[in-house]
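**Q** Structure file query24.cif, mmCIF, N, CA and C atoms and all ligand atoms, is pasted below:
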```cif
data_work
#
loop_
_atom_site.group_PDB
_atom_site.id
_atom_site.type_symbol
_atom_site.label_atom_id
_atom_site.label_comp_id
_atom_site.auth_asym_id
_atom_site.auth_seq_id
_atom_site.Cartn_x
_atom_site.Cartn_y
_atom_site.Cartn_z
ATOM 1 N N VAL V 24 7.219 15.327 13.021
ATOM 2 C CA VAL V 24 6.463 14.251 13.672
ATOM 3 C C VAL V 24 7.176 13.875 14.964
ATOM 4 N N GLU V 25 6.443 13.861 16.045
ATOM 5 C CA GLU V 25 7.065 13.439 17.298
ATOM 6 C C GLU V 25 6.581 12.059 17.709
ATOM 7 N N LYS V 26 5.296 11.797 17.369
ATOM 8 C CA LYS V 26 4.744 10.488 17.738
ATOM 9 C C LYS V 26 3.894 9.975 16.578
ATOM 10 N N LEU V 27 4.177 8.768 16.146
ATOM 11 C CA LEU V 27 3.418 8.150 15.071
ATOM 12 C C LEU V 27 2.498 7.097 15.695
ATOM 13 N N VAL V 28 1.189 7.246 15.457
ATOM 14 C CA VAL V 28 0.226 6.295 16.023
ATOM 15 C C VAL V 28 -0.022 5.199 14.989
ATOM 16 N N THR V 29 0.285 3.979 15.324
ATOM 17 C CA THR V 29 0.099 2.866 14.376
ATOM 18 C C THR V 29 -0.756 1.783 15.019
ATOM 19 N N SER V 30 -1.136 0.801 14.191
ATOM 20 C CA SER V 30 -1.947 -0.308 14.707
ATOM 21 C C SER V 30 -1.145 -1.152 15.692
ATOM 22 N N GLN V 31 0.186 -0.998 15.639
ATOM 23 C CA GLN V 31 1.032 -1.775 16.544
ATOM 24 C C GLN V 31 1.512 -0.937 17.720
ATOM 25 N N GLY V 32 0.850 0.195 17.950
ATOM 26 C CA GLY V 32 1.214 1.041 19.080
ATOM 27 C C GLY V 32 1.840 2.343 18.625
ATOM 28 N N ASP V 33 2.168 3.201 19.591
ATOM 29 C CA ASP V 33 2.763 4.500 19.282
ATOM 30 C C ASP V 33 4.269 4.359 19.107
ATOM 31 N N ILE V 34 4.791 5.028 18.067
ATOM 32 C CA ILE V 34 6.229 4.979 17.793
ATOM 33 C C ILE V 34 6.767 6.399 17.864
ATOM 34 N N LYS V 35 7.787 6.602 18.694
ATOM 35 C CA LYS V 35 8.415 7.910 18.793
ATOM 36 C C LYS V 35 9.398 8.058 17.620
ATOM 37 N N THR V 36 9.257 9.147 16.858
ATOM 38 C CA THR V 36 10.102 9.286 15.671
ATOM 39 C C THR V 36 10.302 10.751 15.312
ATOM 40 N N ASP V 37 11.353 11.035 14.542
ATOM 41 C CA ASP V 37 11.604 12.392 14.045
ATOM 42 C C ASP V 37 11.087 12.595 12.630
ATOM 43 N N ALA V 38 10.954 11.480 11.899
ATOM 44 C CA ALA V 38 10.553 11.598 10.500
ATOM 45 C C ALA V 38 9.909 10.299 10.024
ATOM 46 N N VAL V 39 9.197 10.403 8.895
ATOM 47 C CA VAL V 39 8.529 9.228 8.329
ATOM 48 C C VAL V 39 8.743 9.207 6.822
ATOM 49 N N PHE V 40 9.131 8.069 6.276
ATOM 50 C CA PHE V 40 9.159 7.883 4.829
ATOM 51 C C PHE V 40 7.915 7.081 4.457
ATOM 52 N N VAL V 41 7.126 7.611 3.550
ATOM 53 C CA VAL V 41 5.910 6.905 3.133
ATOM 54 C C VAL V 41 6.207 6.086 1.879
ATOM 55 N N ALA V 42 5.977 4.779 1.949
ATOM 56 C CA ALA V 42 6.159 3.915 0.774
ATOM 57 C C ALA V 42 4.865 3.917 -0.023
ATOM 58 N N VAL V 43 4.925 4.472 -1.254
ATOM 59 C CA VAL V 43 3.700 4.576 -2.053
ATOM 60 C C VAL V 43 3.334 3.253 -2.711
ATOM 61 N N GLY V 44 4.312 2.353 -2.845
ATOM 62 C CA GLY V 44 4.032 1.067 -3.459
ATOM 63 C C GLY V 44 4.041 1.139 -4.973
ATOM 64 N N LEU V 45 3.863 -0.003 -5.596
ATOM 65 C CA LEU V 45 3.868 -0.084 -7.062
ATOM 66 C C LEU V 45 2.641 -0.867 -7.514
ATOM 67 N N ALA V 46 1.777 -0.219 -8.288
ATOM 68 C CA ALA V 46 0.608 -0.916 -8.826
ATOM 69 C C ALA V 46 0.473 -0.535 -10.299
ATOM 70 N N PRO V 47 0.705 -1.485 -11.205
ATOM 71 C CA PRO V 47 0.594 -1.160 -12.625
ATOM 72 C C PRO V 47 -0.850 -0.811 -13.004
ATOM 73 N N GLN V 48 -1.004 0.246 -13.810
ATOM 74 C CA GLN V 48 -2.351 0.671 -14.232
ATOM 75 C C GLN V 48 -2.722 -0.065 -15.522
ATOM 76 N N THR V 49 -2.922 -1.359 -15.408
ATOM 77 C CA THR V 49 -3.119 -2.182 -16.610
ATOM 78 C C THR V 49 -4.477 -2.877 -16.646
ATOM 79 N N GLU V 50 -5.364 -2.445 -15.749
ATOM 80 C CA GLU V 50 -6.693 -3.070 -15.662
ATOM 81 C C GLU V 50 -7.384 -3.105 -17.032
ATOM 82 N N PHE V 51 -7.234 -1.999 -17.786
ATOM 83 C CA PHE V 51 -7.917 -1.897 -19.086
ATOM 84 C C PHE V 51 -7.384 -2.893 -20.117
ATOM 85 N N LEU V 52 -6.250 -3.519 -19.830
ATOM 86 C CA LEU V 52 -5.663 -4.474 -20.774
ATOM 87 C C LEU V 52 -6.085 -5.917 -20.507
ATOM 88 N N LYS V 53 -6.767 -6.105 -19.373
ATOM 89 C CA LYS V 53 -7.230 -7.455 -19.021
ATOM 90 C C LYS V 53 -8.026 -8.040 -20.180
ATOM 91 N N ASN V 54 -7.805 -9.302 -20.485
ATOM 92 C CA ASN V 54 -8.481 -9.993 -21.590
ATOM 93 C C ASN V 54 -8.059 -9.479 -22.970
ATOM 94 N N THR V 55 -7.010 -8.663 -23.013
ATOM 95 C CA THR V 55 -6.503 -8.182 -24.308
ATOM 96 C C THR V 55 -5.105 -8.747 -24.547
ATOM 97 N N ILE V 56 -4.215 -8.526 -23.575
ATOM 98 C CA ILE V 56 -2.875 -9.105 -23.657
ATOM 99 C C ILE V 56 -2.573 -9.822 -22.339
ATOM 100 N N GLU V 57 -1.551 -10.659 -22.382
ATOM 101 C CA GLU V 57 -1.234 -11.475 -21.207
ATOM 102 C C GLU V 57 -0.580 -10.640 -20.098
ATOM 103 N N LEU V 58 -1.135 -10.744 -18.894
ATOM 104 C CA LEU V 58 -0.586 -10.077 -17.714
ATOM 105 C C LEU V 58 -0.186 -11.145 -16.705
ATOM 106 N N ASP V 59 0.725 -10.813 -15.786
ATOM 107 C CA ASP V 59 1.019 -11.777 -14.725
ATOM 108 C C ASP V 59 0.005 -11.604 -13.583
ATOM 109 N N GLU V 60 0.178 -12.344 -12.513
ATOM 110 C CA GLU V 60 -0.810 -12.342 -11.433
ATOM 111 C C GLU V 60 -0.900 -10.991 -10.716
ATOM 112 N N ASN V 61 0.125 -10.144 -10.889
ATOM 113 C CA ASN V 61 0.112 -8.812 -10.267
ATOM 114 C C ASN V 61 -0.290 -7.707 -11.241
ATOM 115 N N GLY V 62 -0.639 -8.092 -12.456
ATOM 116 C CA GLY V 62 -1.093 -7.100 -13.431
ATOM 117 C C GLY V 62 0.001 -6.534 -14.311
ATOM 118 N N TYR V 63 1.225 -7.037 -14.171
ATOM 119 C CA TYR V 63 2.309 -6.557 -15.038
ATOM 120 C C TYR V 63 2.217 -7.252 -16.404
ATOM 121 N N ILE V 64 2.562 -6.505 -17.461
ATOM 122 C CA ILE V 64 2.475 -7.018 -18.828
ATOM 123 C C ILE V 64 3.639 -7.967 -19.103
ATOM 124 N N ILE V 65 3.314 -9.127 -19.652
ATOM 125 C CA ILE V 65 4.350 -10.113 -19.988
ATOM 126 C C ILE V 65 4.855 -9.820 -21.403
ATOM 127 N N THR V 66 6.188 -9.677 -21.532
ATOM 128 C CA THR V 66 6.800 -9.421 -22.845
ATOM 129 C C THR V 66 7.941 -10.408 -23.058
ATOM 130 N N ASP V 67 8.376 -10.476 -24.319
ATOM 131 C CA ASP V 67 9.632 -11.194 -24.560
ATOM 132 C C ASP V 67 10.774 -10.176 -24.516
ATOM 133 N N GLU V 68 11.977 -10.605 -24.859
ATOM 134 C CA GLU V 68 13.126 -9.696 -24.715
ATOM 135 C C GLU V 68 13.103 -8.540 -25.719
ATOM 136 N N ASN V 69 12.305 -8.682 -26.789
ATOM 137 C CA ASN V 69 12.169 -7.576 -27.751
ATOM 138 C C ASN V 69 10.980 -6.684 -27.420
ATOM 139 N N LEU V 70 10.345 -6.967 -26.285
ATOM 140 C CA LEU V 70 9.226 -6.188 -25.740
ATOM 141 C C LEU V 70 7.925 -6.361 -26.515
ATOM 142 N N CYS V 71 7.838 -7.498 -27.232
ATOM 143 C CA CYS V 71 6.561 -7.891 -27.832
ATOM 144 C C CYS V 71 5.682 -8.460 -26.730
ATOM 145 N N THR V 72 4.392 -8.140 -26.774
ATOM 146 C CA THR V 72 3.440 -8.734 -25.836
ATOM 147 C C THR V 72 2.826 -9.978 -26.487
ATOM 148 N N SER V 73 1.819 -10.537 -25.845
ATOM 149 C CA SER V 73 1.180 -11.737 -26.391
ATOM 150 C C SER V 73 0.334 -11.422 -27.624
ATOM 151 N N LYS V 74 0.123 -10.133 -27.915
ATOM 152 C CA LYS V 74 -0.683 -9.768 -29.086
ATOM 153 C C LYS V 74 0.208 -9.123 -30.155
ATOM 154 N N ASP V 75 0.110 -9.624 -31.370
ATOM 155 C CA ASP V 75 0.890 -9.060 -32.479
ATOM 156 C C ASP V 75 0.671 -7.560 -32.601
ATOM 157 N N GLY V 76 1.758 -6.812 -32.744
ATOM 158 C CA GLY V 76 1.640 -5.372 -32.968
ATOM 159 C C GLY V 76 1.462 -4.553 -31.704
ATOM 160 N N VAL V 77 1.465 -5.215 -30.546
ATOM 161 C CA VAL V 77 1.362 -4.482 -29.271
ATOM 162 C C VAL V 77 2.653 -4.708 -28.486
ATOM 163 N N PHE V 78 3.281 -3.608 -28.074
ATOM 164 C CA PHE V 78 4.565 -3.662 -27.384
ATOM 165 C C PHE V 78 4.430 -2.975 -26.029
ATOM 166 N N ALA V 79 5.277 -3.344 -25.087
ATOM 167 C CA ALA V 79 5.207 -2.724 -23.752
ATOM 168 C C ALA V 79 6.605 -2.330 -23.302
ATOM 169 N N ALA V 80 6.702 -1.193 -22.615
ATOM 170 C CA ALA V 80 7.989 -0.706 -22.131
ATOM 171 C C ALA V 80 7.811 -0.057 -20.769
ATOM 172 N N GLY V 81 8.811 -0.200 -19.918
ATOM 173 C CA GLY V 81 8.811 0.508 -18.644
ATOM 174 C C GLY V 81 8.276 -0.294 -17.477
ATOM 175 N N ASP V 82 7.904 0.420 -16.446
ATOM 176 C CA ASP V 82 7.504 -0.202 -15.186
ATOM 177 C C ASP V 82 6.274 -1.093 -15.293
ATOM 178 N N CYS V 83 5.475 -0.905 -16.338
ATOM 179 C CA CYS V 83 4.221 -1.654 -16.455
ATOM 180 C C CYS V 83 4.444 -3.108 -16.844
ATOM 181 N N ARG V 84 5.696 -3.456 -17.224
ATOM 182 C CA ARG V 84 5.906 -4.832 -17.681
ATOM 183 C C ARG V 84 6.668 -5.652 -16.638
ATOM 184 N N VAL V 85 6.583 -6.956 -16.785
ATOM 185 C CA VAL V 85 7.319 -7.861 -15.899
ATOM 186 C C VAL V 85 8.813 -7.662 -16.130
ATOM 187 N N LYS V 86 9.538 -7.313 -15.076
ATOM 188 C CA LYS V 86 10.983 -7.129 -15.173
ATOM 189 C C LYS V 86 11.580 -7.128 -13.785
ATOM 190 N N GLU V 87 12.891 -7.268 -13.718
ATOM 191 C CA GLU V 87 13.570 -7.385 -12.442
ATOM 192 C C GLU V 87 13.786 -6.018 -11.783
ATOM 193 N N LEU V 88 14.215 -5.011 -12.599
ATOM 194 C CA LEU V 88 14.612 -3.720 -12.045
ATOM 195 C C LEU V 88 13.778 -2.584 -12.645
ATOM 196 N N ARG V 89 13.005 -1.905 -11.820
ATOM 197 C CA ARG V 89 12.173 -0.796 -12.297
ATOM 198 C C ARG V 89 12.823 0.529 -11.908
ATOM 199 N N GLN V 90 13.581 1.093 -12.864
ATOM 200 C CA GLN V 90 14.288 2.352 -12.657
ATOM 201 C C GLN V 90 14.173 3.186 -13.922
ATOM 202 N N MET V 91 14.542 4.491 -13.826
ATOM 203 C CA MET V 91 14.495 5.377 -14.982
ATOM 204 C C MET V 91 15.300 4.800 -16.157
ATOM 205 N N ILE V 92 16.484 4.315 -15.837
ATOM 206 C CA ILE V 92 17.377 3.881 -16.918
ATOM 207 C C ILE V 92 16.857 2.626 -17.619
ATOM 208 N N THR V 93 16.214 1.726 -16.869
ATOM 209 C CA THR V 93 15.686 0.520 -17.526
ATOM 210 C C THR V 93 14.413 0.861 -18.306
ATOM 211 N N ALA V 94 13.654 1.848 -17.828
ATOM 212 C CA ALA V 94 12.456 2.283 -18.565
ATOM 213 C C ALA V 94 12.869 2.925 -19.893
ATOM 214 N N ALA V 95 13.944 3.747 -19.862
ATOM 215 C CA ALA V 95 14.429 4.393 -21.088
ATOM 216 C C ALA V 95 14.961 3.351 -22.065
ATOM 217 N N SER V 96 15.665 2.369 -21.536
ATOM 218 C CA SER V 96 16.185 1.287 -22.373
ATOM 219 C C SER V 96 15.040 0.521 -23.030
ATOM 220 N N ASP V 97 14.020 0.236 -22.250
ATOM 221 C CA ASP V 97 12.825 -0.445 -22.790
ATOM 222 C C ASP V 97 12.226 0.365 -23.938
ATOM 223 N N GLY V 98 12.168 1.673 -23.754
ATOM 224 C CA GLY V 98 11.575 2.534 -24.780
ATOM 225 C C GLY V 98 12.329 2.419 -26.094
ATOM 226 N N ALA V 99 13.666 2.391 -26.001
ATOM 227 C CA ALA V 99 14.487 2.273 -27.215
ATOM 228 C C ALA V 99 14.255 0.923 -27.888
ATOM 229 N N ILE V 100 14.243 -0.135 -27.093
ATOM 230 C CA ILE V 100 14.070 -1.481 -27.665
ATOM 231 C C ILE V 100 12.676 -1.619 -28.291
ATOM 232 N N ALA V 101 11.655 -1.163 -27.568
ATOM 233 C CA ALA V 101 10.280 -1.281 -28.072
ATOM 234 C C ALA V 101 10.104 -0.477 -29.359
ATOM 235 N N ALA V 102 10.741 0.686 -29.436
ATOM 236 C CA ALA V 102 10.613 1.518 -30.642
ATOM 237 C C ALA V 102 11.218 0.818 -31.852
ATOM 238 N N VAL V 103 12.403 0.211 -31.659
ATOM 239 C CA VAL V 103 13.054 -0.491 -32.775
ATOM 240 C C VAL V 103 12.228 -1.721 -33.177
ATOM 241 N N THR V 104 11.724 -2.443 -32.189
ATOM 242 C CA THR V 104 10.902 -3.618 -32.494
ATOM 243 C C THR V 104 9.631 -3.207 -33.247
ATOM 244 N N ALA V 105 9.015 -2.129 -32.798
ATOM 245 C CA ALA V 105 7.789 -1.658 -33.455
ATOM 246 C C ALA V 105 8.091 -1.223 -34.890
ATOM 247 N N LYS V 106 9.213 -0.562 -35.071
ATOM 248 C CA LYS V 106 9.584 -0.105 -36.426
ATOM 249 C C LYS V 106 9.761 -1.305 -37.359
ATOM 250 N N LYS V 107 10.446 -2.339 -36.867
ATOM 251 C CA LYS V 107 10.640 -3.551 -37.676
ATOM 252 C C LYS V 107 9.295 -4.184 -38.018
ATOM 253 N N ALA V 108 8.365 -4.131 -37.070
ATOM 254 C CA ALA V 108 7.067 -4.787 -37.255
ATOM 255 C C ALA V 108 6.232 -4.117 -38.340
ATOM 256 N N ILE V 109 6.419 -2.814 -38.534
ATOM 257 C CA ILE V 109 5.589 -2.123 -39.531
ATOM 258 C C ILE V 109 6.278 -1.982 -40.889
ATOM 259 N N LYS V 110 7.516 -2.483 -40.992
ATOM 260 C CA LYS V 110 8.246 -2.393 -42.282
ATOM 261 C C LYS V 110 7.669 -3.350 -43.291
HETATM 262 C C1 LIG Z 1 8.788 7.051 -5.019
HETATM 263 C C2 LIG Z 1 9.621 6.572 -6.195
HETATM 264 C C3 LIG Z 1 10.973 6.894 -6.236
HETATM 265 C C4 LIG Z 1 11.758 6.498 -7.322
HETATM 266 N N1 LIG Z 1 13.081 6.827 -7.340
HETATM 267 C C5 LIG Z 1 13.836 6.480 -8.403
HETATM 268 C C6 LIG Z 1 15.192 6.870 -8.476
HETATM 269 O O1 LIG Z 1 15.749 7.516 -7.579
HETATM 270 N N2 LIG Z 1 15.916 6.499 -9.567
HETATM 271 C C7 LIG Z 1 15.351 5.790 -10.603
HETATM 272 O O2 LIG Z 1 16.035 5.513 -11.584
HETATM 273 N N3 LIG Z 1 14.063 5.411 -10.555
HETATM 274 C C8 LIG Z 1 13.289 5.737 -9.487
HETATM 275 N N4 LIG Z 1 11.971 5.349 -9.433
HETATM 276 C C9 LIG Z 1 11.443 4.522 -10.516
HETATM 277 C C10 LIG Z 1 11.130 5.359 -11.750
HETATM 278 O O3 LIG Z 1 10.303 6.453 -11.372
HETATM 279 C C11 LIG Z 1 10.391 4.457 -12.758
HETATM 280 O O4 LIG Z 1 11.147 3.294 -13.013
HETATM 281 C C12 LIG Z 1 10.139 5.182 -14.062
HETATM 282 O O5 LIG Z 1 9.457 6.400 -13.853
HETATM 283 C C13 LIG Z 1 9.318 4.296 -14.978
HETATM 284 O O6 LIG Z 1 9.007 5.008 -16.140
HETATM 285 P P1 LIG Z 1 7.736 4.592 -16.973
HETATM 286 O O7 LIG Z 1 7.697 5.540 -18.131
HETATM 287 O O8 LIG Z 1 7.752 3.130 -17.251
HETATM 288 O O9 LIG Z 1 6.480 4.814 -16.017
HETATM 289 P P2 LIG Z 1 5.942 6.150 -15.345
HETATM 290 O O10 LIG Z 1 7.043 7.154 -15.107
HETATM 291 O O11 LIG Z 1 5.133 5.669 -14.177
HETATM 292 O O12 LIG Z 1 5.011 6.780 -16.447
HETATM 293 C C14 LIG Z 1 3.790 6.188 -16.799
HETATM 294 C C15 LIG Z 1 2.871 7.314 -17.258
HETATM 295 O O13 LIG Z 1 1.703 6.762 -17.860
HETATM 296 C C16 LIG Z 1 0.579 7.456 -17.388
HETATM 297 N N5 LIG Z 1 -0.586 6.566 -17.564
HETATM 298 C C17 LIG Z 1 -0.971 5.525 -16.790
HETATM 299 N N6 LIG Z 1 -2.084 4.954 -17.290
HETATM 300 C C18 LIG Z 1 -2.389 5.655 -18.415
HETATM 301 C C19 LIG Z 1 -3.443 5.543 -19.378
HETATM 302 N N7 LIG Z 1 -4.393 4.598 -19.312
HETATM 303 N N8 LIG Z 1 -3.463 6.426 -20.403
HETATM 304 C C20 LIG Z 1 -2.508 7.386 -20.516
HETATM 305 N N9 LIG Z 1 -1.482 7.529 -19.624
HETATM 306 C C21 LIG Z 1 -1.439 6.670 -18.597
HETATM 307 C C22 LIG Z 1 0.900 7.801 -15.956
HETATM 308 O O14 LIG Z 1 0.116 8.884 -15.509
HETATM 309 C C23 LIG Z 1 2.382 8.176 -16.079
HETATM 310 O O15 LIG Z 1 2.560 9.531 -16.401
HETATM 311 C C24 LIG Z 1 11.174 5.745 -8.381
HETATM 312 C C25 LIG Z 1 9.813 5.442 -8.325
HETATM 313 C C26 LIG Z 1 9.044 5.840 -7.255
HETATM 314 C C27 LIG Z 1 7.574 5.487 -7.219
#
```
Mind turning the file's structure into C-alpha cells?

**A**
Amino acid sequence: VEKLVTSQGDIKTDAVFVAVGLAPQTEFLKNTIELDENGYIITDENLCTSKDGVFAAGDCRVKELRQMITAASDGAIAAVTAKKAIK
C-alpha cells in the first residue's frame, strides 16, 4: 500500500493493520439469558448465567480480558460447574 484513501483524506503508508473488532454472536440468546448492553453474556464467577443449567465460557461473556488463556480457563471452570449441577 502506498496511499490509503480515507474519509479524513489520503494517508501515505507502507502497511495497514485492519481491526476486525469484537461482536459477540449472542443474538439468538436474547430474551433467554441475561446479556449486557453490548450483547455479552452475564455470568457469575462460576460461569453460571441467569438461567439454571446454562453456563457460558470465553469471549462471549462479560469479562475484563479476552485472550486464549482466559477462554481456556473459563472452559475448565464452566465444565466443573456444569458437572456439579448435574450430580
Ligand atoms: C484478530 C485477533 C487476534 C487475537 N490475538 C490473540 C493473541 O495473540 N493471543 C491471545 O491469547 N488471544 C488473541 N485473540 C483472542 C482469542 O482469539 C480469543 O480470546 C479466543 O479465541 C476466545 O475463544 P472462544 O472459544 O471464547 O471464542 P472463539 O475462538 O471466537 O470461538 C467461538 C466459536 O463459536 C462459533 N460459533 C459462534 N456462534 C455459533 C453458533 N450459534 N453455533 C455454533 N457455533 C458458533 C464460532 O464460529 C467460533 O468458532 C485474538 C483475537 C482476534 C480477533

**Q** I'd like the residues picked by the PyMOL selection byres (((chain V and resi 46) around 8) and not hetatm) written out as a PyMOL selection string, using the chain letters and numbers from the file.

**A** chain V and resi 43-45+47-49+61-63+82-83

**Q** Using 8 Å of padding on each side, determine the axis-aligned box around all atoms of ligand LIG 1 (chain Z) present in the file and give its centre and edge lengths in Å to one decimal, as AutoDock Vina command-line options.

**A**
```
--center_x 5.8 --center_y 6.3 --center_z -12.8 --size_x 36.4 --size_y 22.4 --size_z 31.5
```

**Q** Please produce, as CSV, a per-residue contact table for chain V versus ligand LIG 1 (chain Z) (criterion: any atom at most 5 Å away, only N, CA and C atoms and all ligand atoms considered), showing the nearest atom pair and its distance in Å to one decimal, sorted by chain then residue number.

**A**
```
residue,atom,partner,partner_atom,distance
V:Ala80,C,Z:LIG1,O8,4.7
V:Gly81,CA,Z:LIG1,O8,3.2
V:Asp82,N,Z:LIG1,O8,2.8
V:Cys83,N,Z:LIG1,O8,4.7
V:Arg89,C,Z:LIG1,O4,3.4
V:Gln90,C,Z:LIG1,O4,3.2
V:Met91,N,Z:LIG1,O2,2.9
V:Ile92,N,Z:LIG1,O2,4.4
V:Ala94,CA,Z:LIG1,O8,5.0
```

**Q** Might you spell out which residues the PyMOL selection byres (((chain V and resi 64 and name CA) around 8) and not hetatm and name CA) would select in the displayed file, as a PDB file with N, CA and C atoms, in the frame of the given file?

**A**
```
ATOM      1  N   THR V  49      -2.922  -1.359 -15.408  1.00  0.00           N
ATOM      2  CA  THR V  49      -3.119  -2.182 -16.610  1.00  0.00           C
ATOM      3  C   THR V  49      -4.477  -2.877 -16.646  1.00  0.00           C
ATOM      4  N   ILE V  56      -4.215  -8.526 -23.575  1.00  0.00           N
ATOM      5  CA  ILE V  56      -2.875  -9.105 -23.657  1.00  0.00           C
ATOM      6  C   ILE V  56      -2.573  -9.822 -22.339  1.00  0.00           C
ATOM      7  N   GLU V  57      -1.551 -10.659 -22.382  1.00  0.00           N
ATOM      8  CA  GLU V  57      -1.234 -11.475 -21.207  1.00  0.00           C
ATOM      9  C   GLU V  57      -0.580 -10.640 -20.098  1.00  0.00           C
ATOM     10  N   LEU V  58      -1.135 -10.744 -18.894  1.00  0.00           N
ATOM     11  CA  LEU V  58      -0.586 -10.077 -17.714  1.00  0.00           C
ATOM     12  C   LEU V  58      -0.186 -11.145 -16.705  1.00  0.00           C
ATOM     13  N   ASP V  59       0.725 -10.813 -15.786  1.00  0.00           N
ATOM     14  CA  ASP V  59       1.019 -11.777 -14.725  1.00  0.00           C
ATOM     15  C   ASP V  59       0.005 -11.604 -13.583  1.00  0.00           C
ATOM     16  N   GLY V  62      -0.639  -8.092 -12.456  1.00  0.00           N
ATOM     17  CA  GLY V  62      -1.093  -7.100 -13.431  1.00  0.00           C
ATOM     18  C   GLY V  62       0.001  -6.534 -14.311  1.00  0.00           C
ATOM     19  N   TYR V  63       1.225  -7.037 -14.171  1.00  0.00           N
ATOM     20  CA  TYR V  63       2.309  -6.557 -15.038  1.00  0.00           C
ATOM     21  C   TYR V  63       2.217  -7.252 -16.404  1.00  0.00           C
ATOM     22  N   ILE V  65       3.314  -9.127 -19.652  1.00  0.00           N
ATOM     23  CA  ILE V  65       4.350 -10.113 -19.988  1.00  0.00           C
ATOM     24  C   ILE V  65       4.855  -9.820 -21.403  1.00  0.00           C
ATOM     25  N   THR V  66       6.188  -9.677 -21.532  1.00  0.00           N
ATOM     26  CA  THR V  66       6.800  -9.421 -22.845  1.00  0.00           C
ATOM     27  C   THR V  66       7.941 -10.408 -23.058  1.00  0.00           C
ATOM     28  N   THR V  72       4.392  -8.140 -26.774  1.00  0.00           N
ATOM     29  CA  THR V  72       3.440  -8.734 -25.836  1.00  0.00           C
ATOM     30  C   THR V  72       2.826  -9.978 -26.487  1.00  0.00           C
ATOM     31  N   ALA V  79       5.277  -3.344 -25.087  1.00  0.00           N
ATOM     32  CA  ALA V  79       5.207  -2.724 -23.752  1.00  0.00           C
ATOM     33  C   ALA V  79       6.605  -2.330 -23.302  1.00  0.00           C
ATOM     34  N   CYS V  83       5.475  -0.905 -16.338  1.00  0.00           N
ATOM     35  CA  CYS V  83       4.221  -1.654 -16.455  1.00  0.00           C
ATOM     36  C   CYS V  83       4.444  -3.108 -16.844  1.00  0.00           C
ATOM     37  N   ARG V  84       5.696  -3.456 -17.224  1.00  0.00           N
ATOM     38  CA  ARG V  84       5.906  -4.832 -17.681  1.00  0.00           C
ATOM     39  C   ARG V  84       6.668  -5.652 -16.638  1.00  0.00           C
ATOM     40  N   VAL V  85       6.583  -6.956 -16.785  1.00  0.00           N
ATOM     41  CA  VAL V  85       7.319  -7.861 -15.899  1.00  0.00           C
ATOM     42  C   VAL V  85       8.813  -7.662 -16.130  1.00  0.00           C
TER      43      VAL V  85
END
```

**Q** I'd like to know which residues of chain V are strand (DSSP E or B) (by DSSP, run on the backbone); could you write them as a PDB file with N, CA and C atoms, in the coordinates of the input?

**A**
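What ended up in states_20.pdb:
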```
ATOM      1  N   LYS V  26       5.296  11.797  17.369  1.00  0.00           N
ATOM      2  CA  LYS V  26       4.744  10.488  17.738  1.00  0.00           C
ATOM      3  C   LYS V  26       3.894   9.975  16.578  1.00  0.00           C
ATOM      4  N   LEU V  27       4.177   8.768  16.146  1.00  0.00           N
ATOM      5  CA  LEU V  27       3.418   8.150  15.071  1.00  0.00           C
ATOM      6  C   LEU V  27       2.498   7.097  15.695  1.00  0.00           C
ATOM      7  N   VAL V  28       1.189   7.246  15.457  1.00  0.00           N
ATOM      8  CA  VAL V  28       0.226   6.295  16.023  1.00  0.00           C
ATOM      9  C   VAL V  28      -0.022   5.199  14.989  1.00  0.00           C
ATOM     10  N   THR V  29       0.285   3.979  15.324  1.00  0.00           N
ATOM     11  CA  THR V  29       0.099   2.866  14.376  1.00  0.00           C
ATOM     12  C   THR V  29      -0.756   1.783  15.019  1.00  0.00           C
ATOM     13  N   GLY V  32       0.850   0.195  17.950  1.00  0.00           N
ATOM     14  CA  GLY V  32       1.214   1.041  19.080  1.00  0.00           C
ATOM     15  C   GLY V  32       1.840   2.343  18.625  1.00  0.00           C
ATOM     16  N   ASP V  33       2.168   3.201  19.591  1.00  0.00           N
ATOM     17  CA  ASP V  33       2.763   4.500  19.282  1.00  0.00           C
ATOM     18  C   ASP V  33       4.269   4.359  19.107  1.00  0.00           C
ATOM     19  N   ILE V  34       4.791   5.028  18.067  1.00  0.00           N
ATOM     20  CA  ILE V  34       6.229   4.979  17.793  1.00  0.00           C
ATOM     21  C   ILE V  34       6.767   6.399  17.864  1.00  0.00           C
ATOM     22  N   LYS V  35       7.787   6.602  18.694  1.00  0.00           N
ATOM     23  CA  LYS V  35       8.415   7.910  18.793  1.00  0.00           C
ATOM     24  C   LYS V  35       9.398   8.058  17.620  1.00  0.00           C
ATOM     25  N   LEU V  58      -1.135 -10.744 -18.894  1.00  0.00           N
ATOM     26  CA  LEU V  58      -0.586 -10.077 -17.714  1.00  0.00           C
ATOM     27  C   LEU V  58      -0.186 -11.145 -16.705  1.00  0.00           C
ATOM     28  N   ILE V  64       2.562  -6.505 -17.461  1.00  0.00           N
ATOM     29  CA  ILE V  64       2.475  -7.018 -18.828  1.00  0.00           C
ATOM     30  C   ILE V  64       3.639  -7.967 -19.103  1.00  0.00           C
ATOM     31  N   CYS V  71       7.838  -7.498 -27.232  1.00  0.00           N
ATOM     32  CA  CYS V  71       6.561  -7.891 -27.832  1.00  0.00           C
ATOM     33  C   CYS V  71       5.682  -8.460 -26.730  1.00  0.00           C
ATOM     34  N   PHE V  78       3.281  -3.608 -28.074  1.00  0.00           N
ATOM     35  CA  PHE V  78       4.565  -3.662 -27.384  1.00  0.00           C
ATOM     36  C   PHE V  78       4.430  -2.975 -26.029  1.00  0.00           C
ATOM     37  N   ARG V  84       5.696  -3.456 -17.224  1.00  0.00           N
ATOM     38  CA  ARG V  84       5.906  -4.832 -17.681  1.00  0.00           C
ATOM     39  C   ARG V  84       6.668  -5.652 -16.638  1.00  0.00           C
TER      40      ARG V  84
END
```

**Q** Can you list, as number ranges by chain, every residue of chain V that DSSP puts in alpha helix (DSSP H)?

**A** V: 91-109

**Q** Take the point (12.0, 5.3, 15.1) as written in the file and pick out every residue within 10 Å of it, counting only C-alpha atoms; give the list as number ranges by chain.

**A** V: 25-27, 34-39

**Q** Taking all atoms listed in the file into account, which of V:Ala42, V:Asn54, V:Ala102, V:Ser96 comes nearest Phe78 of chain V?

**A**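 Selected residue with least distance to Phe78 of chain V: V:Ala102.
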
**Q** Tell me which protein, DNA and RNA residues are within 9 Å of segment 104-110 of chain V, counting only C-alpha atoms, leaving out same-chain ones fewer than 5 positions away, and put them as number ranges by chain.

**A** V: 69-71, 75-78, 99
